[in-house]
Amino acid sequence: MKRTILKSLMLLTLVFAVMSLLQAQSLLQPDPRLKKGYESEYLELLRQNYPSTLEILNFELDNAWFIAGPEIAPKAETMEYLYYRDPITGDKTDERVEETNVENINICEYYYDKKYDSHVFYKIGDTGVIIGFYSVLEMAKKFNSSKNL
């Protein structure tokens, strides 16, 4: 009798967990800024079939980058400029980012390297602004921390 009740409770818990997961997936939407860097069909494919990837892309928009402080300025001469990214191919375009509003940066528009364990820095035109991108390792930690994992 106790075994039957325990099995029923476990089954009920599993059903609720699956329903919660499915509901969370259906509620997840691509951040509108992603449309600058990805085609709508691709974003819908992620939403339906790979929601965790979409969730990471949404997270990266606000958390994968930072404006470098003055300690980086001496290295600016040797830094690469930041370029725009082709939204269809994902390749680097010939168009250099000349200025940006730090309040409204959309990293989906930019072509940048992702290094496993080190930051990557780029100059934004001749503005004196340097944007840094966190490493893949740091981003994984930040994302997991945001999910309490």
# chains A, B, ... in the order shown; residues from 1 in each chain; ligands from 1
call {"tool": "residues_around", "arguments": {"residues": "Lys75 in chain A", "least_positions_apart": "5", "cutoff": "12 Å", "atoms": "only C-alpha atoms", "output": "PyMOL selection string"}}
result
chain A and resi 68-70+80+121-123+128+130
call {"tool": "write_last_selection", "arguments": {"atoms": "C-alpha atoms", "output": "PDB file, in the first residue's frame"}}
result
ATOM      1  CA  ALA A  68      36.818  48.167 -20.578  1.00  0.00           C
ATOM      2  CA  GLY A  69      38.289  50.476 -18.018  1.00  0.00           C
ATOM      3  CA  PRO A  70      41.283  52.788 -18.334  1.00  0.00           C
ATOM      4  CA  GLU A  80      41.563  45.126 -33.524  1.00  0.00           C
ATOM      5  CA  PHE A 121      38.892  43.326 -26.605  1.00  0.00           C
ATOM      6  CA  TYR A 122      38.010  45.532 -29.581  1.00  0.00           C
ATOM      7  CA  LYS A 123      38.202  49.239 -30.296  1.00  0.00           C
ATOM      8  CA  GLY A 128      38.356  55.657 -27.323  1.00  0.00           C
ATOM      9  CA  ILE A 130      36.929  49.574 -25.848  1.00  0.00           C
TER      10      ILE A 130
END
call {"tool": "residues_around", "arguments": {"residues": "Asn58 in chain A", "least_positions_apart": "4", "cutoff": "10 Å", "atoms": "only C-alpha atoms", "output": "PyMOL selection string"}}
result
chain A and resi 28-34+52-54+62-63
call {"tool": "write_last_selection", "arguments": {"atoms": "C-alpha atoms", "output": "PDB file, in the first residue's frame"}}
result
ATOM      1  CA  LEU A  28      10.459  31.529 -23.790  1.00  0.00           C
ATOM      2  CA  GLN A  29      10.675  34.088 -26.567  1.00  0.00           C
ATOM      3  CA  PRO A  30      13.683  35.428 -28.445  1.00  0.00           C
ATOM      4  CA  ASP A  31      14.770  38.853 -27.287  1.00  0.00           C
ATOM      5  CA  PRO A  32      13.835  41.265 -30.137  1.00  0.00           C
ATOM      6  CA  ARG A  33      17.485  42.319 -30.377  1.00  0.00           C
ATOM      7  CA  LEU A  34      18.363  38.830 -31.619  1.00  0.00           C
ATOM      8  CA  SER A  52      18.263  26.221 -23.768  1.00  0.00           C
ATOM      9  CA  THR A  53      20.317  27.617 -26.667  1.00  0.00           C
ATOM     10  CA  LEU A  54      17.823  30.434 -27.111  1.00  0.00           C
ATOM     11  CA  ASP A  62      23.304  41.776 -21.642  1.00  0.00           C
ATOM     12  CA  ASN A  63      25.948  39.678 -19.957  1.00  0.00           C
TER      13      ASN A  63
END
call {"tool": "closest_atom_pairs", "arguments": {"of": "range 25-106 of chain A", "to": "range 132-146 of chain A", "cutoff": "7 Å", "atoms": "only C-alpha atoms", "output": "CSV"}}
result
residue,atom,partner,partner_atom,distance
A:Ala64,CA,A:Tyr134,CA,5.5
A:Trp65,CA,A:Phe133,CA,4.3
A:Phe66,CA,A:Gly132,CA,5.2
A:Ile67,CA,A:Gly132,CA,5.9
A:Ala68,CA,A:Gly132,CA,5.9
call {"tool": "write_last_selection", "arguments": {"atoms": "C-alpha atoms", "output": "short mmCIF file (atom, residue, chain, number, x, y, z; two decimals), in the first residue's frame"}}
result
data_model
loop_
_atom_site.label_atom_id
_atom_site.label_comp_id
_atom_site.auth_asym_id
_atom_site.auth_seq_id
_atom_site.Cartn_x
_atom_site.Cartn_y
_atom_site.Cartn_z
CA ALA A 64 28.63 38.67 -22.47
CA TRP A 65 30.30 42.05 -22.77
CA PHE A 66 31.60 45.02 -20.81
CA ILE A 67 33.15 48.40 -21.49
CA ALA A 68 36.82 48.17 -20.58
#
call {"tool": "closest_residue", "arguments": {"among": "A:Lys36, A:Thr100, A:His119, A:Thr127", "to": "Arg85 in chain A", "atoms": "only C-alpha atoms"}}
result
A:Lys36
call {"tool": "select_by_dssp", "arguments": {"residues": "chain A", "states": "helix (DSSP H, G or I)", "output": "PDB file with N, CA and C atoms, in the first residue's frame"}}
result
ATOM      1  N   LYS A   2       1.853   1.286   0.923  1.00  0.00           N
ATOM      2  CA  LYS A   2       2.734   2.453   0.984  1.00  0.00           C
ATOM      3  C   LYS A   2       3.539   2.596  -0.301  1.00  0.00           C
ATOM      4  N   ARG A   3       3.923   1.469  -0.857  1.00  0.00           N
ATOM      5  CA  ARG A   3       4.680   1.482  -2.101  1.00  0.00           C
ATOM      6  C   ARG A   3       3.845   2.077  -3.241  1.00  0.00           C
ATOM      7  N   THR A   4       2.612   1.741  -3.302  1.00  0.00           N
ATOM      8  CA  THR A   4       1.711   2.243  -4.335  1.00  0.00           C
ATOM      9  C   THR A   4       1.546   3.752  -4.198  1.00  0.00           C
ATOM     10  N   ILE A   5       1.384   4.217  -2.982  1.00  0.00           N
ATOM     11  CA  ILE A   5       1.242   5.653  -2.755  1.00  0.00           C
ATOM     12  C   ILE A   5       2.533   6.375  -3.137  1.00  0.00           C
ATOM     13  N   LEU A   6       3.676   5.798  -2.764  1.00  0.00           N
ATOM     14  CA  LEU A   6       4.963   6.390  -3.093  1.00  0.00           C
ATOM     15  C   LEU A   6       5.164   6.462  -4.607  1.00  0.00           C
ATOM     16  N   LYS A   7       4.828   5.382  -5.304  1.00  0.00           N
ATOM     17  CA  LYS A   7       4.947   5.363  -6.760  1.00  0.00           C
ATOM     18  C   LYS A   7       4.021   6.400  -7.386  1.00  0.00           C
ATOM     19  N   SER A   8       2.827   6.522  -6.874  1.00  0.00           N
ATOM     20  CA  SER A   8       1.871   7.505  -7.392  1.00  0.00           C
ATOM     21  C   SER A   8       2.386   8.920  -7.191  1.00  0.00           C
ATOM     22  N   LEU A   9       2.951   9.189  -6.031  1.00  0.00           N
ATOM     23  CA  LEU A   9       3.508  10.520  -5.753  1.00  0.00           C
ATOM     24  C   LEU A   9       4.686  10.829  -6.674  1.00  0.00           C
ATOM     25  N   MET A  10       5.523   9.832  -6.897  1.00  0.00           N
ATOM     26  CA  MET A  10       6.671  10.025  -7.781  1.00  0.00           C
ATOM     27  C   MET A  10       6.201  10.293  -9.209  1.00  0.00           C
ATOM     28  N   LEU A  11       5.220   9.549  -9.661  1.00  0.00           N
ATOM     29  CA  LEU A  11       4.681   9.744 -10.999  1.00  0.00           C
ATOM     30  C   LEU A  11       4.049  11.125 -11.131  1.00  0.00           C
ATOM     31  N   LEU A  12       3.302  11.531 -10.144  1.00  0.00           N
ATOM     32  CA  LEU A  12       2.666  12.836 -10.144  1.00  0.00           C
ATOM     33  C   LEU A  12       3.709  13.959 -10.177  1.00  0.00           C
ATOM     34  N   THR A  13       4.765  13.803  -9.396  1.00  0.00           N
ATOM     35  CA  THR A  13       5.855  14.779  -9.383  1.00  0.00           C
ATOM     36  C   THR A  13       6.524  14.856 -10.749  1.00  0.00           C
ATOM     37  N   LEU A  14       6.750  13.721 -11.366  1.00  0.00           N
ATOM     38  CA  LEU A  14       7.360  13.680 -12.694  1.00  0.00           C
ATOM     39  C   LEU A  14       6.466  14.365 -13.721  1.00  0.00           C
ATOM     40  N   VAL A  15       5.183  14.113 -13.674  1.00  0.00           N
ATOM     41  CA  VAL A  15       4.238  14.748 -14.607  1.00  0.00           C
ATOM     42  C   VAL A  15       4.267  16.257 -14.447  1.00  0.00           C
ATOM     43  N   PHE A  16       4.263  16.748 -13.202  1.00  0.00           N
ATOM     44  CA  PHE A  16       4.313  18.199 -12.967  1.00  0.00           C
ATOM     45  C   PHE A  16       5.627  18.790 -13.449  1.00  0.00           C
ATOM     46  N   ALA A  17       6.716  18.080 -13.266  1.00  0.00           N
ATOM     47  CA  ALA A  17       8.020  18.568 -13.716  1.00  0.00           C
ATOM     48  C   ALA A  17       8.050  18.686 -15.238  1.00  0.00           C
ATOM     49  N   VAL A  18       7.547  17.690 -15.929  1.00  0.00           N
ATOM     50  CA  VAL A  18       7.508  17.721 -17.395  1.00  0.00           C
ATOM     51  C   VAL A  18       6.593  18.843 -17.879  1.00  0.00           C
ATOM     52  N   MET A  19       5.451  19.009 -17.238  1.00  0.00           N
ATOM     53  CA  MET A  19       4.523  20.078 -17.635  1.00  0.00           C
ATOM     54  C   MET A  19       5.161  21.450 -17.411  1.00  0.00           C
ATOM     55  N   SER A  20       5.881  21.616 -16.312  1.00  0.00           N
ATOM     56  CA  SER A  20       6.554  22.885 -16.034  1.00  0.00           C
ATOM     57  C   SER A  20       7.603  23.174 -17.095  1.00  0.00           C
ATOM     58  N   LEU A  21       8.356  22.160 -17.464  1.00  0.00           N
ATOM     59  CA  LEU A  21       9.384  22.320 -18.490  1.00  0.00           C
ATOM     60  C   LEU A  21       8.759  22.704 -19.824  1.00  0.00           C
ATOM     61  N   LEU A  22       7.694  22.027 -20.208  1.00  0.00           N
ATOM     62  CA  LEU A  22       7.034  22.339 -21.474  1.00  0.00           C
ATOM     63  C   LEU A  22       6.436  23.739 -21.465  1.00  0.00           C
ATOM     64  N   GLN A  23       5.858  24.126 -20.357  1.00  0.00           N
ATOM     65  CA  GLN A  23       5.291  25.473 -20.264  1.00  0.00           C
ATOM     66  C   GLN A  23       6.392  26.523 -20.325  1.00  0.00           C
ATOM     67  N   ALA A  24       7.517  26.281 -19.660  1.00  0.00           N
ATOM     68  CA  ALA A  24       8.629  27.229 -19.686  1.00  0.00           C
ATOM     69  C   ALA A  24       9.159  27.380 -21.100  1.00  0.00           C
ATOM     70  N   GLN A  25       9.233  26.284 -21.848  1.00  0.00           N
ATOM     71  CA  GLN A  25       9.714  26.342 -23.223  1.00  0.00           C
ATOM     72  C   GLN A  25       8.771  27.152 -24.099  1.00  0.00           C
ATOM     73  N   SER A  26       7.475  26.997 -23.893  1.00  0.00           N
ATOM     74  CA  SER A  26       6.526  27.710 -24.742  1.00  0.00           C
ATOM     75  C   SER A  26       6.495  29.188 -24.402  1.00  0.00           C
ATOM     76  N   LEU A  27       6.839  29.568 -23.165  1.00  0.00           N
ATOM     77  CA  LEU A  27       6.843  30.962 -22.764  1.00  0.00           C
ATOM     78  C   LEU A  27       8.120  31.675 -23.194  1.00  0.00           C
ATOM     79  N   PRO A  32      13.944  40.605 -28.823  1.00  0.00           N
ATOM     80  CA  PRO A  32      13.835  41.265 -30.137  1.00  0.00           C
ATOM     81  C   PRO A  32      15.177  41.684 -30.724  1.00  0.00           C
ATOM     82  N   ARG A  33      16.159  41.931 -29.874  1.00  0.00           N
ATOM     83  CA  ARG A  33      17.485  42.319 -30.377  1.00  0.00           C
ATOM     84  C   ARG A  33      18.158  41.204 -31.159  1.00  0.00           C
ATOM     85  N   LEU A  34      17.769  39.959 -30.898  1.00  0.00           N
ATOM     86  CA  LEU A  34      18.363  38.830 -31.619  1.00  0.00           C
ATOM     87  C   LEU A  34      18.037  38.871 -33.112  1.00  0.00           C
ATOM     88  N   LYS A  35      16.950  39.533 -33.457  1.00  0.00           N
ATOM     89  CA  LYS A  35      16.546  39.600 -34.867  1.00  0.00           C
ATOM     90  C   LYS A  35      17.525  40.399 -35.723  1.00  0.00           C
ATOM     91  N   LYS A  36      18.390  41.195 -35.087  1.00  0.00           N
ATOM     92  CA  LYS A  36      19.435  41.922 -35.815  1.00  0.00           C
ATOM     93  C   LYS A  36      20.558  40.995 -36.258  1.00  0.00           C
ATOM     94  N   SER A  40      14.566  35.059 -38.454  1.00  0.00           N
ATOM     95  CA  SER A  40      13.396  34.710 -37.634  1.00  0.00           C
ATOM     96  C   SER A  40      13.133  33.210 -37.622  1.00  0.00           C
ATOM     97  N   GLU A  41      13.338  32.541 -38.751  1.00  0.00           N
ATOM     98  CA  GLU A  41      13.104  31.101 -38.833  1.00  0.00           C
ATOM     99  C   GLU A  41      14.053  30.351 -37.907  1.00  0.00           C
ATOM    100  N   TYR A  42      15.286  30.795 -37.851  1.00  0.00           N
ATOM    101  CA  TYR A  42      16.272  30.155 -36.980  1.00  0.00           C
ATOM    102  C   TYR A  42      15.889  30.345 -35.511  1.00  0.00           C
ATOM    103  N   LEU A  43      15.480  31.553 -35.163  1.00  0.00           N
ATOM    104  CA  LEU A  43      15.073  31.822 -33.785  1.00  0.00           C
ATOM    105  C   LEU A  43      13.854  30.992 -33.395  1.00  0.00           C
ATOM    106  N   GLU A  44      12.922  30.806 -34.327  1.00  0.00           N
ATOM    107  CA  GLU A  44      11.744  29.983 -34.043  1.00  0.00           C
ATOM    108  C   GLU A  44      12.151  28.512 -33.874  1.00  0.00           C
ATOM    109  N   LEU A  45      13.083  28.055 -34.690  1.00  0.00           N
ATOM    110  CA  LEU A  45      13.600  26.688 -34.552  1.00  0.00           C
ATOM    111  C   LEU A  45      14.210  26.495 -33.161  1.00  0.00           C
ATOM    112  N   LEU A  46      14.987  27.467 -32.716  1.00  0.00           N
ATOM    113  CA  LEU A  46      15.569  27.382 -31.376  1.00  0.00           C
ATOM    114  C   LEU A  46      14.485  27.372 -30.310  1.00  0.00           C
ATOM    115  N   ARG A  47      13.501  28.240 -30.460  1.00  0.00           N
ATOM    116  CA  ARG A  47      12.432  28.327 -29.467  1.00  0.00           C
ATOM    117  C   ARG A  47      11.703  26.999 -29.322  1.00  0.00           C
ATOM    118  N   GLN A  48      11.432  26.355 -30.438  1.00  0.00           N
ATOM    119  CA  GLN A  48      10.661  25.109 -30.402  1.00  0.00           C
ATOM    120  C   GLN A  48      11.498  23.891 -30.033  1.00  0.00           C
ATOM    121  N   ASN A  49      12.725  23.831 -30.541  1.00  0.00           N
ATOM    122  CA  ASN A  49      13.505  22.607 -30.406  1.00  0.00           C
ATOM    123  C   ASN A  49      14.730  22.702 -29.501  1.00  0.00           C
ATOM    124  N   PRO A  51      15.381  25.244 -26.733  1.00  0.00           N
ATOM    125  CA  PRO A  51      15.119  26.416 -25.891  1.00  0.00           C
ATOM    126  C   PRO A  51      16.301  26.813 -25.012  1.00  0.00           C
ATOM    127  N   SER A  52      17.118  25.857 -24.607  1.00  0.00           N
ATOM    128  CA  SER A  52      18.263  26.221 -23.768  1.00  0.00           C
ATOM    129  C   SER A  52      19.264  27.070 -24.548  1.00  0.00           C
ATOM    130  N   THR A  53      19.434  26.800 -25.833  1.00  0.00           N
ATOM    131  CA  THR A  53      20.317  27.617 -26.667  1.00  0.00           C
ATOM    132  C   THR A  53      19.753  29.021 -26.807  1.00  0.00           C
ATOM    133  N   LEU A  54      18.466  29.126 -27.021  1.00  0.00           N
ATOM    134  CA  LEU A  54      17.823  30.434 -27.111  1.00  0.00           C
ATOM    135  C   LEU A  54      17.962  31.195 -25.797  1.00  0.00           C
ATOM    136  N   GLU A  55      17.807  30.492 -24.706  1.00  0.00           N
ATOM    137  CA  GLU A  55      17.937  31.134 -23.394  1.00  0.00           C
ATOM    138  C   GLU A  55      19.356  31.688 -23.203  1.00  0.00           C
ATOM    139  N   ILE A  56      20.345  30.955 -23.653  1.00  0.00           N
ATOM    140  CA  ILE A  56      21.734  31.411 -23.550  1.00  0.00           C
ATOM    141  C   ILE A  56      21.955  32.633 -24.442  1.00  0.00           C
ATOM    142  N   LEU A  57      21.428  32.609 -25.668  1.00  0.00           N
ATOM    143  CA  LEU A  57      21.567  33.774 -26.555  1.00  0.00           C
ATOM    144  C   LEU A  57      20.916  35.009 -25.941  1.00  0.00           C
ATOM    145  N   ASN A  58      19.736  34.838 -25.361  1.00  0.00           N
ATOM    146  CA  ASN A  58      19.068  35.952 -24.684  1.00  0.00           C
ATOM    147  C   ASN A  58      19.944  36.483 -23.543  1.00  0.00           C
ATOM    148  N   PHE A  59      20.511  35.582 -22.779  1.00  0.00           N
ATOM    149  CA  PHE A  59      21.346  35.955 -21.636  1.00  0.00           C
ATOM    150  C   PHE A  59      22.593  36.708 -22.085  1.00  0.00           C
ATOM    151  N   GLU A  60      23.216  36.238 -23.155  1.00  0.00           N
ATOM    152  CA  GLU A  60      24.454  36.854 -23.636  1.00  0.00           C
ATOM    153  C   GLU A  60      24.276  38.306 -24.058  1.00  0.00           C
ATOM    154  N   LEU A  61      23.104  38.666 -24.522  1.00  0.00           N
ATOM    155  CA  LEU A  61      22.881  40.040 -24.989  1.00  0.00           C
ATOM    156  C   LEU A  61      23.285  41.081 -23.955  1.00  0.00           C
ATOM    157  N   ASP A  62      23.011  40.818 -22.698  1.00  0.00           N
ATOM    158  CA  ASP A  62      23.304  41.776 -21.642  1.00  0.00           C
ATOM    159  C   ASP A  62      24.480  41.385 -20.760  1.00  0.00           C
ATOM    160  N   ASN A  63      24.959  40.175 -20.914  1.00  0.00           N
ATOM    161  CA  ASN A  63      25.948  39.678 -19.957  1.00  0.00           C
ATOM    162  C   ASN A  63      27.271  39.216 -20.547  1.00  0.00           C
ATOM    163  N   PRO A  70      40.069  52.094 -17.887  1.00  0.00           N
ATOM    164  CA  PRO A  70      41.283  52.788 -18.334  1.00  0.00           C
ATOM    165  C   PRO A  70      42.544  51.927 -18.280  1.00  0.00           C
ATOM    166  N   GLU A  71      42.529  50.863 -17.497  1.00  0.00           N
ATOM    167  CA  GLU A  71      43.714  49.998 -17.417  1.00  0.00           C
ATOM    168  C   GLU A  71      44.012  49.296 -18.747  1.00  0.00           C
ATOM    169  N   ILE A  72      43.028  49.215 -19.620  1.00  0.00           N
ATOM    170  CA  ILE A  72      43.198  48.570 -20.920  1.00  0.00           C
ATOM    171  C   ILE A  72      43.688  49.569 -21.980  1.00  0.00           C
ATOM    172  N   ALA A  73      43.458  50.847 -21.758  1.00  0.00           N
ATOM    173  CA  ALA A  73      43.781  51.890 -22.750  1.00  0.00           C
ATOM    174  C   ALA A  73      45.199  51.802 -23.312  1.00  0.00           C
ATOM    175  N   PRO A  74      46.228  51.534 -22.516  1.00  0.00           N
ATOM    176  CA  PRO A  74      47.580  51.458 -23.092  1.00  0.00           C
ATOM    177  C   PRO A  74      47.738  50.377 -24.160  1.00  0.00           C
ATOM    178  N   LYS A  75      46.882  49.382 -24.132  1.00  0.00           N
ATOM    179  CA  LYS A  75      46.962  48.288 -25.106  1.00  0.00           C
ATOM    180  C   LYS A  75      46.115  48.560 -26.355  1.00  0.00           C
ATOM    181  N   ALA A  76      45.419  49.690 -26.382  1.00  0.00           N
ATOM    182  CA  ALA A  76      44.460  49.973 -27.457  1.00  0.00           C
ATOM    183  C   ALA A  76      45.113  50.058 -28.827  1.00  0.00           C
ATOM    184  N   GLU A  77      46.331  50.518 -28.899  1.00  0.00           N
ATOM    185  CA  GLU A  77      47.006  50.667 -30.197  1.00  0.00           C
ATOM    186  C   GLU A  77      47.078  49.354 -30.968  1.00  0.00           C
ATOM    187  N   THR A  78      47.260  48.257 -30.260  1.00  0.00           N
ATOM    188  CA  THR A  78      47.423  46.964 -30.931  1.00  0.00           C
ATOM    189  C   THR A  78      46.119  46.181 -31.068  1.00  0.00           C
ATOM    190  N   VAL A 102      26.500  53.191 -25.655  1.00  0.00           N
ATOM    191  CA  VAL A 102      26.785  52.168 -24.647  1.00  0.00           C
ATOM    192  C   VAL A 102      25.512  51.688 -23.955  1.00  0.00           C
ATOM    193  N   GLU A 103      24.516  52.540 -23.889  1.00  0.00           N
ATOM    194  CA  GLU A 103      23.244  52.169 -23.248  1.00  0.00           C
ATOM    195  C   GLU A 103      22.455  51.154 -24.078  1.00  0.00           C
ATOM    196  N   ASN A 104      22.696  51.118 -25.387  1.00  0.00           N
ATOM    197  CA  ASN A 104      21.893  50.272 -26.282  1.00  0.00           C
ATOM    198  C   ASN A 104      22.729  49.329 -27.132  1.00  0.00           C
ATOM    199  N   ILE A 107      25.021  43.178 -29.131  1.00  0.00           N
ATOM    200  CA  ILE A 107      26.179  42.416 -29.584  1.00  0.00           C
ATOM    201  C   ILE A 107      25.869  41.475 -30.746  1.00  0.00           C
ATOM    202  N   CYS A 108      24.595  41.245 -31.027  1.00  0.00           N
ATOM    203  CA  CYS A 108      24.231  40.399 -32.175  1.00  0.00           C
ATOM    204  C   CYS A 108      24.669  41.021 -33.493  1.00  0.00           C
ATOM    205  N   GLU A 109      24.838  42.311 -33.490  1.00  0.00           N
ATOM    206  CA  GLU A 109      25.226  43.009 -34.707  1.00  0.00           C
ATOM    207  C   GLU A 109      26.727  42.922 -34.981  1.00  0.00           C
ATOM    208  N   VAL A 136      34.311  32.085 -22.813  1.00  0.00           N
ATOM    209  CA  VAL A 136      33.268  31.054 -22.804  1.00  0.00           C
ATOM    210  C   VAL A 136      33.135  30.477 -21.398  1.00  0.00           C
ATOM    211  N   LEU A 137      34.259  30.251 -20.750  1.00  0.00           N
ATOM    212  CA  LEU A 137      34.253  29.705 -19.402  1.00  0.00           C
ATOM    213  C   LEU A 137      33.553  30.641 -18.418  1.00  0.00           C
ATOM    214  N   GLU A 138      33.864  31.937 -18.483  1.00  0.00           N
ATOM    215  CA  GLU A 138      33.211  32.908 -17.602  1.00  0.00           C
ATOM    216  C   GLU A 138      31.711  32.997 -17.884  1.00  0.00           C
ATOM    217  N   MET A 139      31.348  32.955 -19.156  1.00  0.00           N
ATOM    218  CA  MET A 139      29.930  33.030 -19.512  1.00  0.00           C
ATOM    219  C   MET A 139      29.167  31.826 -18.987  1.00  0.00           C
ATOM    220  N   ALA A 140      29.766  30.665 -19.062  1.00  0.00           N
ATOM    221  CA  ALA A 140      29.106  29.459 -18.535  1.00  0.00           C
ATOM    222  C   ALA A 140      28.872  29.609 -17.034  1.00  0.00           C
ATOM    223  N   LYS A 141      29.874  30.136 -16.330  1.00  0.00           N
ATOM    224  CA  LYS A 141      29.723  30.331 -14.879  1.00  0.00           C
ATOM    225  C   LYS A 141      28.643  31.367 -14.584  1.00  0.00           C
ATOM    226  N   LYS A 142      28.646  32.456 -15.337  1.00  0.00           N
ATOM    227  CA  LYS A 142      27.638  33.515 -15.113  1.00  0.00           C
ATOM    228  C   LYS A 142      26.225  32.989 -15.390  1.00  0.00           C
ATOM    229  N   PHE A 143      26.080  32.250 -16.475  1.00  0.00           N
ATOM    230  CA  PHE A 143      24.769  31.711 -16.833  1.00  0.00           C
ATOM    231  C   PHE A 143      24.289  30.721 -15.769  1.00  0.00           C
ATOM    232  N   ASN A 144      25.155  29.799 -15.392  1.00  0.00           N
ATOM    233  CA  ASN A 144      24.797  28.802 -14.380  1.00  0.00           C
ATOM    234  C   ASN A 144      24.453  29.471 -13.051  1.00  0.00           C
ATOM    235  N   SER A 145      25.196  30.492 -12.705  1.00  0.00           N
ATOM    236  CA  SER A 145      24.937  31.220 -11.466  1.00  0.00           C
ATOM    237  C   SER A 145      23.564  31.901 -11.527  1.00  0.00           C
ATOM    238  N   SER A 146      23.203  32.435 -12.692  1.00  0.00           N
ATOM    239  CA  SER A 146      21.893  33.096 -12.841  1.00  0.00           C
ATOM    240  C   SER A 146      20.750  32.096 -12.706  1.00  0.00           C
TER     241      SER A 146
END
call {"tool": "atom_distance", "arguments": {"atom1": "CA of Lys115 in chain A", "atom2": "CA of Asn148 in chain A"}}
result
24.1 Å
call {"tool": "residues_around", "arguments": {"residues": "Glu95 in chain A", "least_positions_apart": "3", "cutoff": "10 Å", "atoms": "only C-alpha atoms", "output": "list in words"}}
result
Leu82, Tyr83, Tyr84, Arg85, Asp86, Lys92 and Glu98 of chain A
call {"tool": "write_last_selection", "arguments": {"atoms": "N, CA and C atoms", "output": "mmCIF file, in the first residue's frame"}}
result
data_model
loop_
_atom_site.group_PDB
_atom_site.id
_atom_site.type_symbol
_atom_site.label_atom_id
_atom_site.label_comp_id
_atom_site.auth_asym_id
_atom_site.auth_seq_id
_atom_site.Cartn_x
_atom_site.Cartn_y
_atom_site.Cartn_z
ATOM 1 N N LEU A 82 36.325 46.708 -33.955
ATOM 2 C CA LEU A 82 35.115 45.897 -33.960
ATOM 3 C C LEU A 82 34.405 46.092 -35.294
ATOM 4 N N TYR A 83 33.950 44.998 -35.896
ATOM 5 C CA TYR A 83 33.251 45.042 -37.182
ATOM 6 C C TYR A 83 31.852 44.466 -37.018
ATOM 7 N N TYR A 84 31.011 44.816 -37.961
ATOM 8 C CA TYR A 84 29.662 44.264 -37.968
ATOM 9 C C TYR A 84 29.697 42.838 -38.488
ATOM 10 N N ARG A 85 28.672 42.098 -38.151
ATOM 11 C CA ARG A 85 28.513 40.691 -38.518
ATOM 12 C C ARG A 85 27.398 40.576 -39.534
ATOM 13 N N ASP A 86 27.607 39.765 -40.556
ATOM 14 C CA ASP A 86 26.560 39.496 -41.534
ATOM 15 C C ASP A 86 25.514 38.600 -40.874
ATOM 16 N N LYS A 92 32.287 38.107 -40.733
ATOM 17 C CA LYS A 92 32.696 39.491 -40.497
ATOM 18 C C LYS A 92 32.501 40.288 -41.785
ATOM 19 N N GLU A 98 31.894 52.277 -35.950
ATOM 20 C CA GLU A 98 32.561 53.552 -35.710
ATOM 21 C C GLU A 98 32.129 54.220 -34.417
#
call {"tool": "atom_distance", "arguments": {"atom1": "CA of Tyr111 in chain A", "atom2": "CA of Thr89 in chain A"}}
result
11.0 Å
call {"tool": "atom_distance", "arguments": {"atom1": "CA of Gly37 in chain A", "atom2": "CA of Tyr81 in chain A"}}
result
18.8 Å
call {"tool": "closest_residue", "arguments": {"among": "A:Tyr38, A:Asp91, A:Met79, A:Lys147", "to": "Val120 in chain A", "atoms": "only C-alpha atoms"}}
result
A:Met79
